[in-house]
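Novice: What follows is run_15.cif, mmCIF, C-alpha atoms.
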data_run
loop_
_atom_site.group_PDB
_atom_site.id
_atom_site.type_symbol
_atom_site.label_atom_id
_atom_site.label_comp_id
_atom_site.auth_asym_id
_atom_site.auth_seq_id
_atom_site.Cartn_x
_atom_site.Cartn_y
_atom_site.Cartn_z
ATOM 1 C CA MET A 1 -17.205 322.105 79.133
ATOM 2 C CA ILE A 2 -20.988 321.639 79.332
ATOM 3 C CA GLN A 3 -20.858 321.443 83.139
ATOM 4 C CA ARG A 4 -18.973 324.733 83.330
ATOM 5 C CA LYS A 5 -21.427 326.386 80.916
ATOM 6 C CA MET A 6 -24.358 325.240 83.066
ATOM 7 C CA ALA A 7 -22.648 326.553 86.218
ATOM 8 C CA LEU A 8 -22.063 329.917 84.569
ATOM 9 C CA SER A 9 -25.662 330.189 83.346
ATOM 10 C CA ARG A 10 -26.931 329.316 86.850
ATOM 11 C CA ALA A 11 -24.570 331.915 88.303
ATOM 12 C CA ASN A 12 -26.331 334.563 86.210
ATOM 13 C CA SER A 13 -29.869 333.534 87.160
ATOM 14 C CA ALA A 14 -31.650 335.556 89.819
ATOM 15 C CA VAL A 15 -32.458 333.986 93.175
ATOM 16 C CA SER A 16 -35.811 334.510 94.855
ATOM 17 C CA TYR A 17 -35.727 335.710 98.454
ATOM 18 C CA LEU A 18 -37.765 337.347 101.189
ATOM 19 C CA THR A 19 -37.215 340.899 102.374
ATOM 20 C CA GLU A 20 -36.494 341.650 106.023
ATOM 21 C CA GLU A 21 -40.060 342.993 106.301
ATOM 22 C CA GLU A 22 -41.495 339.709 104.970
ATOM 23 C CA ILE A 23 -39.361 337.782 107.476
ATOM 24 C CA LYS A 24 -40.788 339.961 110.280
ATOM 25 C CA GLN A 25 -44.297 339.161 109.021
ATOM 26 C CA LEU A 26 -43.530 335.423 109.098
ATOM 27 C CA VAL A 27 -42.078 335.562 112.600
ATOM 28 C CA GLY A 28 -45.002 337.697 113.786
ATOM 29 C CA ALA A 29 -47.500 335.159 112.456
ATOM 30 C CA CYS A 30 -45.969 332.263 114.440
ATOM 31 C CA LYS A 31 -48.037 330.884 117.316
ATOM 32 C CA LYS A 32 -45.217 328.843 118.858
ATOM 33 C CA GLU A 33 -41.910 330.111 120.190
ATOM 34 C CA ARG A 34 -40.193 327.090 118.619
ATOM 35 C CA ASP A 35 -41.408 328.136 115.166
ATOM 36 C CA ARG A 36 -40.343 331.775 115.672
ATOM 37 C CA LEU A 37 -36.887 330.591 116.713
ATOM 38 C CA LEU A 38 -36.538 328.194 113.773
ATOM 39 C CA ILE A 39 -37.502 330.845 111.211
ATOM 40 C CA THR A 40 -35.209 333.389 112.863
ATOM 41 C CA LEU A 41 -32.343 330.878 112.985
ATOM 42 C CA LEU A 42 -32.741 329.932 109.322
ATOM 43 C CA PHE A 43 -32.839 333.572 108.269
ATOM 44 C CA GLN A 44 -30.212 335.130 110.543
ATOM 45 C CA THR A 45 -27.634 332.370 110.105
ATOM 46 C CA GLY A 46 -28.360 330.999 106.625
ATOM 47 C CA VAL A 47 -28.015 327.397 107.777
ATOM 48 C CA ARG A 48 -29.712 324.618 105.816
ATOM 49 C CA ILE A 49 -32.894 323.131 107.287
ATOM 50 C CA SER A 50 -31.090 319.848 108.052
ATOM 51 C CA GLU A 51 -28.360 321.800 109.878
ATOM 52 C CA ALA A 52 -30.930 323.775 111.887
ATOM 53 C CA LEU A 53 -32.896 320.671 112.873
ATOM 54 C CA ALA A 54 -29.693 318.961 114.040
ATOM 55 C CA LEU A 55 -28.608 321.943 116.159
ATOM 56 C CA THR A 56 -28.011 321.330 119.871
ATOM 57 C CA PRO A 57 -27.088 323.707 122.696
ATOM 58 C CA ALA A 58 -23.654 322.031 122.771
ATOM 59 C CA ALA A 59 -23.002 323.310 119.218
ATOM 60 C CA ILE A 60 -23.011 326.905 120.441
ATOM 61 C CA SER A 61 -19.514 328.173 121.142
ATOM 62 C CA TYR A 62 -17.535 331.382 120.822
ATOM 63 C CA PHE A 63 -15.088 332.821 118.326
ATOM 64 C CA GLU A 64 -13.107 335.851 119.505
ATOM 65 C CA GLY A 65 -15.614 336.373 122.306
ATOM 66 C CA LYS A 66 -18.691 336.346 120.043
ATOM 67 C CA PRO A 67 -21.257 333.546 119.684
ATOM 68 C CA ALA A 68 -20.874 331.063 116.861
ATOM 69 C CA MET A 69 -22.241 327.635 116.000
ATOM 70 C CA GLU A 70 -20.337 324.542 114.995
ATOM 71 C CA ILE A 71 -22.302 323.251 112.030
ATOM 72 C CA VAL A 72 -21.831 319.894 110.356
ATOM 73 C CA GLY A 73 -22.803 320.629 106.766
ATOM 74 C CA LYS A 74 -22.977 318.765 103.486
ATOM 75 C CA GLY A 75 -20.390 316.044 103.184
ATOM 76 C CA LYS A 76 -19.988 316.098 106.978
ATOM 77 C CA LYS A 77 -17.848 319.235 106.669
ATOM 78 C CA LEU A 78 -17.529 321.228 109.875
ATOM 79 C CA ARG A 79 -17.844 325.009 109.689
ATOM 80 C CA MET A 80 -18.340 327.852 112.119
ATOM 81 C CA VAL A 81 -21.318 330.140 111.564
ATOM 82 C CA ALA A 82 -21.808 333.469 113.312
ATOM 83 C CA LEU A 83 -24.740 333.498 115.741
ATOM 84 C CA PRO A 84 -26.258 336.885 116.624
ATOM 85 C CA ILE A 85 -26.068 337.488 120.389
ATOM 86 C CA ASN A 86 -29.797 338.115 120.786
ATOM 87 C CA LEU A 87 -30.605 334.870 118.947
ATOM 88 C CA LYS A 88 -28.106 332.946 121.103
ATOM 89 C CA ASP A 89 -29.793 334.332 124.217
ATOM 90 C CA LYS A 90 -33.259 333.366 122.916
ATOM 91 C CA LEU A 91 -32.103 329.843 122.025
ATOM 92 C CA GLU A 92 -30.485 329.320 125.429
ATOM 93 C CA SER A 93 -33.533 330.695 127.243
ATOM 94 C CA TYR A 94 -35.817 328.434 125.188
ATOM 95 C CA ALA A 95 -33.593 325.415 125.915
ATOM 96 C CA TYR A 96 -33.695 326.154 129.636
ATOM 97 C CA ARG A 97 -37.491 326.541 129.773
ATOM 98 C CA ALA A 98 -38.104 323.495 127.541
ATOM 99 C CA GLY A 99 -35.655 321.303 129.467
ATOM 100 C CA ILE A 100 -33.421 320.764 126.441
ATOM 101 C CA GLU A 101 -30.133 319.162 127.501
ATOM 102 C CA PRO A 102 -26.810 320.116 125.826
ATOM 103 C CA ARG A 103 -26.845 317.166 123.386
ATOM 104 C CA MET A 104 -30.604 317.312 122.660
ATOM 105 C CA ARG A 105 -31.882 319.008 119.532
ATOM 106 C CA PHE A 106 -33.507 322.443 119.837
ATOM 107 C CA PHE A 107 -36.136 321.511 117.260
ATOM 108 C CA GLU A 108 -37.696 318.069 117.645
ATOM 109 C CA ILE A 109 -39.467 318.184 114.284
ATOM 110 C CA ASN A 110 -38.622 316.720 110.890
ATOM 111 C CA ARG A 111 -38.110 318.459 107.544
ATOM 112 C CA SER A 112 -41.676 317.778 106.415
ATOM 113 C CA ARG A 113 -43.111 319.407 109.522
ATOM 114 C CA ALA A 114 -40.800 322.414 109.035
ATOM 115 C CA TRP A 115 -42.121 322.835 105.465
ATOM 116 C CA GLN A 116 -45.697 322.451 106.689
ATOM 117 C CA MET A 117 -45.173 324.990 109.482
ATOM 118 C CA LEU A 118 -43.639 327.518 107.080
ATOM 119 C CA ASN A 119 -46.595 327.169 104.719
ATOM 120 C CA GLU A 120 -49.076 327.659 107.571
ATOM 121 C CA VAL A 121 -47.193 330.724 108.823
ATOM 122 C CA ARG A 122 -46.923 332.132 105.270
ATOM 123 C CA LYS A 123 -50.707 331.947 104.888
ATOM 124 C CA ALA A 124 -51.277 333.493 108.320
ATOM 125 C CA ALA A 125 -48.850 336.325 107.436
ATOM 126 C CA GLY A 126 -50.631 336.948 104.127
ATOM 127 C CA ILE A 127 -47.501 336.391 102.052
ATOM 128 C CA GLU A 128 -48.225 335.340 98.477
ATOM 129 C CA LYS A 129 -44.742 334.075 97.608
ATOM 130 C CA ARG A 130 -43.966 330.374 97.910
ATOM 131 C CA VAL A 131 -42.030 330.043 101.192
ATOM 132 C CA PHE A 132 -39.780 327.088 101.949
ATOM 133 C CA PRO A 133 -36.814 326.571 104.293
ATOM 134 C CA HIS A 134 -34.124 327.136 101.666
ATOM 135 C CA LEU A 135 -35.729 330.466 100.724
ATOM 136 C CA LEU A 136 -34.735 331.730 104.180
ATOM 137 C CA ARG A 137 -31.133 330.713 103.405
ATOM 138 C CA HIS A 138 -31.319 332.637 100.117
ATOM 139 C CA SER A 139 -32.766 335.612 102.001
ATOM 140 C CA ASP A 140 -29.912 335.575 104.517
ATOM 141 C CA ALA A 141 -27.380 335.364 101.685
ATOM 142 C CA ILE A 142 -28.842 338.263 99.695
ATOM 143 C CA ILE A 143 -29.213 340.548 102.693
ATOM 144 C CA ARG A 144 -25.798 339.584 104.124
ATOM 145 C CA LEU A 145 -24.134 340.216 100.759
ATOM 146 C CA ARG A 146 -25.953 343.552 100.398
ATOM 147 C CA LYS A 147 -24.730 344.606 103.866
ATOM 148 C CA THR A 148 -21.138 343.312 103.658
ATOM 149 C CA GLY A 149 -20.316 343.311 99.950
ATOM 150 C CA ASN A 150 -18.036 340.326 100.589
ATOM 151 C CA PRO A 151 -18.882 337.299 98.383
ATOM 152 C CA LYS A 152 -15.880 335.264 99.596
ATOM 153 C CA ALA A 153 -16.931 335.595 103.247
ATOM 154 C CA LEU A 154 -20.468 334.654 102.196
ATOM 155 C CA GLN A 155 -19.148 331.552 100.431
ATOM 156 C CA TYR A 156 -17.501 330.384 103.672
ATOM 157 C CA HIS A 157 -20.514 331.392 105.755
ATOM 158 C CA LEU A 158 -22.819 329.241 103.629
ATOM 159 C CA GLY A 159 -20.342 326.371 103.302
ATOM 160 C CA HIS A 160 -20.216 326.461 99.494
ATOM 161 C CA ASN A 161 -17.351 324.564 97.868
ATOM 162 C CA SER A 162 -17.408 326.690 94.757
ATOM 163 C CA PRO A 163 -18.035 330.389 94.251
ATOM 164 C CA ALA A 164 -20.617 329.612 91.519
ATOM 165 C CA MET A 165 -23.624 329.519 93.858
ATOM 166 C CA THR A 166 -22.432 332.578 95.737
ATOM 167 C CA LEU A 167 -22.196 334.378 92.387
ATOM 168 C CA ARG A 168 -25.937 333.783 91.903
ATOM 169 C CA TYR A 169 -26.580 335.988 94.926
ATOM 170 C CA LEU A 170 -24.228 338.656 93.586
ATOM 171 C CA SER A 171 -25.912 338.428 90.175
ATOM 172 C CA THR A 172 -29.336 338.907 91.789
ATOM 173 C CA LEU A 173 -28.161 342.087 93.520
ATOM 174 C CA THR A 174 -26.476 343.341 90.338
ATOM 175 C CA GLN A 175 -29.649 342.771 88.280
ATOM 176 C CA GLU A 176 -31.793 344.558 90.874
ATOM 177 C CA ASP A 177 -29.350 347.472 91.137
ATOM 178 C CA ALA A 178 -29.142 347.768 87.345
ATOM 179 C CA LEU A 179 -32.929 347.903 87.107
ATOM 180 C CA ARG A 180 -33.095 350.604 89.801
ATOM 181 C CA VAL A 181 -30.543 352.692 87.886
ATOM 182 C CA GLN A 182 -32.465 352.227 84.616
ATOM 183 C CA GLN A 183 -35.743 353.216 86.297
ATOM 184 C CA GLU A 184 -34.177 356.566 87.239
ATOM 185 C CA VAL A 185 -33.337 357.449 83.622
ATOM 186 C CA ARG A 186 -35.562 360.286 82.405
ATOM 187 C CA PHE A 187 -36.002 361.338 78.784
ATOM 188 C CA GLU A 188 -36.890 364.765 77.479
ATOM 189 C CA GLU A 189 -40.343 364.916 75.959
#
What's the structure tokens form of this structure?
Specialist:
Amino acid sequence: MIQRKMALSRANSAVSYLTEEEIKQLVGACKKERDRLLITLLFQTGVRISEALALTPAAISYFEGKPAMEIVGKGKKLRMVALPINLKDKLESYAYRAGIEPRMRFFEINRSRAWQMLNEVRKAAGIEKRVFPHLLRHSDAIIRLRKTGNPKALQYHLGHNSPAMTLRYLSTLTQEDALRVQQEVRFEE
């Protein structure tokens, strides 16, 4: 019973995230193409940092004629994640120019270096918020949910076993929307 209560209270807590404008600032502040691609990948696909760092050109495939990635997630579970066409093209172009073979990783850095790079880029972009790889996943989830309104599809997209975490994203949007509605209330003076 306590575990369920904790899951429900977490489901109601707001999730921090970056706006699309803040993501553009981060990407714009990158000096290296590799870093721009990693930030874009984390944001546009919502993959975990470990999943992004393990990504190879061979993991890119197609589903119904559109690009997708075969991702090995937590617990070694395989899932397909949509890959925007323009990002697929940029990744393939980068792999070609960098001499990355099909089974080689796109990003030959470790998690610590990814954190360090994000912090450097955050400072260069003038963003005050704490920025870390998982924040880009949260950002993808919030924006994707806002655009699609489909929490079940988001749950599969992110590879969540339970809807509880996905409900945190829905709760964040609901809290923000409720505040916007309340801010529009006007009283007679």
Novice: Using all atoms listed in the file, which residues sit within 7 Å of region 82-96 of chain A once same-chain residues fewer than 2 positions away are excluded, as a list in words?
Specialist: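 My list of contacting residues is Thr45, Pro67, Ala68, Met69, Met80, Ala98, Gly99, Ile100 and Phe106 of chain A.
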Novice: Determine, counting all atoms listed in the file, every residue of protein, DNA or RNA that lies within 12 Å of (-38.9, 329.5, 105.8) in the file coordinates, then give the result as a ChimeraX atom specification.
Specialist: /A:17-18,22-27,30,35-44,46-49,52,111,113-122,127,129-140
Novice: Pull C-alpha atoms from the residues just selected and write them as a short mmCIF file (atom, residue, chain, number, x, y, z; two decimals), in the frame of the given file.
Specialist:
data_model
loop_
_atom_site.label_atom_id
_atom_site.label_comp_id
_atom_site.auth_asym_id
_atom_site.auth_seq_id
_atom_site.Cartn_x
_atom_site.Cartn_y
_atom_site.Cartn_z
CA TYR A 17 -35.73 335.71 98.45
CA LEU A 18 -37.76 337.35 101.19
CA GLU A 22 -41.50 339.71 104.97
CA ILE A 23 -39.36 337.78 107.48
CA LYS A 24 -40.79 339.96 110.28
CA GLN A 25 -44.30 339.16 109.02
CA LEU A 26 -43.53 335.42 109.10
CA VAL A 27 -42.08 335.56 112.60
CA CYS A 30 -45.97 332.26 114.44
CA ASP A 35 -41.41 328.14 115.17
CA ARG A 36 -40.34 331.78 115.67
CA LEU A 37 -36.89 330.59 116.71
CA LEU A 38 -36.54 328.19 113.77
CA ILE A 39 -37.50 330.84 111.21
CA THR A 40 -35.21 333.39 112.86
CA LEU A 41 -32.34 330.88 112.98
CA LEU A 42 -32.74 329.93 109.32
CA PHE A 43 -32.84 333.57 108.27
CA GLN A 44 -30.21 335.13 110.54
CA GLY A 46 -28.36 331.00 106.62
CA VAL A 47 -28.02 327.40 107.78
CA ARG A 48 -29.71 324.62 105.82
CA ILE A 49 -32.89 323.13 107.29
CA ALA A 52 -30.93 323.77 111.89
CA ARG A 111 -38.11 318.46 107.54
CA ARG A 113 -43.11 319.41 109.52
CA ALA A 114 -40.80 322.41 109.04
CA TRP A 115 -42.12 322.83 105.46
CA GLN A 116 -45.70 322.45 106.69
CA MET A 117 -45.17 324.99 109.48
CA LEU A 118 -43.64 327.52 107.08
CA ASN A 119 -46.60 327.17 104.72
CA GLU A 120 -49.08 327.66 107.57
CA VAL A 121 -47.19 330.72 108.82
CA ARG A 122 -46.92 332.13 105.27
CA ILE A 127 -47.50 336.39 102.05
CA LYS A 129 -44.74 334.08 97.61
CA ARG A 130 -43.97 330.37 97.91
CA VAL A 131 -42.03 330.04 101.19
CA PHE A 132 -39.78 327.09 101.95
CA PRO A 133 -36.81 326.57 104.29
CA HIS A 134 -34.12 327.14 101.67
CA LEU A 135 -35.73 330.47 100.72
CA LEU A 136 -34.74 331.73 104.18
CA ARG A 137 -31.13 330.71 103.40
CA HIS A 138 -31.32 332.64 100.12
CA SER A 139 -32.77 335.61 102.00
CA ASP A 140 -29.91 335.58 104.52
#
Novice: Work out how far apart CA of Leu158 (chain A) and CA of Ile71 (chain A) are and give it in Å to one decimal.
Specialist: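 These atoms are spaced 10.3 Å apart.
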Novice: Taking all atoms listed in the file into account, name the residue in A:Ile142, A:Glu64, A:Thr19, A:Gly126 that is nearest to Tyr169 (chain A).
Specialist: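 For Tyr169 (chain A), the nearest of the candidates is A:Ile142.
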Novice: With distances taken over all atoms listed in the file, which of A:Val181, A:Met104, A:Val81, A:Leu173 is nearest to Lys66 (chain A)?
Specialist: A:Val81
Novice: Could you tell me how far CA of Ala14 (chain A) lies from CA of Arg168 (chain A), in Å and to one decimal?
Specialist: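 For CA of Ala14 (chain A) relative to CA of Arg168 (chain A), the distance reads 6.3 Å.
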Novice: Out of A:Arg97, A:Glu20, A:Thr166, A:Lys77, which residue has the shortest atom-to-atom distance to Glu33 (chain A) when counting all atoms listed in the file?
Specialist: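 Of A:Arg97, A:Glu20, A:Thr166, A:Lys77, the one nearest Glu33 (chain A) is A:Arg97, counting all atoms listed in the file.
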Novice: Please measure the separation of CA of Pro163 (chain A) and CA of Pro151 (chain A), giving the value in Å to one decimal.
Specialist: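 That distance, rounded to one decimal, is 8.1 Å.
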Novice: Skip Gly149 (chain A) itself and residues of its chain fewer than 3 positions away, then list as a list in words all residues within 12 Å of it, counting all atoms listed in the file.
Specialist: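 Counting only the stated atoms, we get Ala141, Ile142, Ile143, Arg144, Leu145, Arg146, Lys152, Ala153, Leu154, Gln155, Thr166, Leu167, Tyr169, Leu170, Leu173 and Thr174 of chain A.
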Novice: Which residue out of A:Asn110, A:Val15, A:Pro57, A:Glu189 has the minimum interatomic distance to Met165 (chain A) when all atoms listed in the file are used?
Specialist: A:Val15
Novice: Box for region 18-21 of chain A: with edges along x, y and z, all listed atoms inside and 4 Å added on each side, what are the centre and edge lengths in Å to one decimal, as lines of an AutoDock Vina configuration file?
Specialist:
center_x = -38.3
center_y = 340.2
center_z = 103.7
size_x = 11.6
size_y = 13.6
size_z = 13.1
Novice: Which one of A:Leu179, A:Ala125, A:Glu70, A:Leu55 sits closest to Gly28 (chain A) if you count only C-alpha atoms?
Specialist: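 Of A:Leu179, A:Ala125, A:Glu70, A:Leu55, the one nearest Gly28 (chain A) is A:Ala125, counting only C-alpha atoms.
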Novice: Determine the nearest neighbour of His157 (chain A) from the options A:Arg186, A:Lys123, A:Leu78, A:Ser171, counting all atoms listed in the file.
Specialist: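 Selected residue with least distance to His157 (chain A): A:Leu78.
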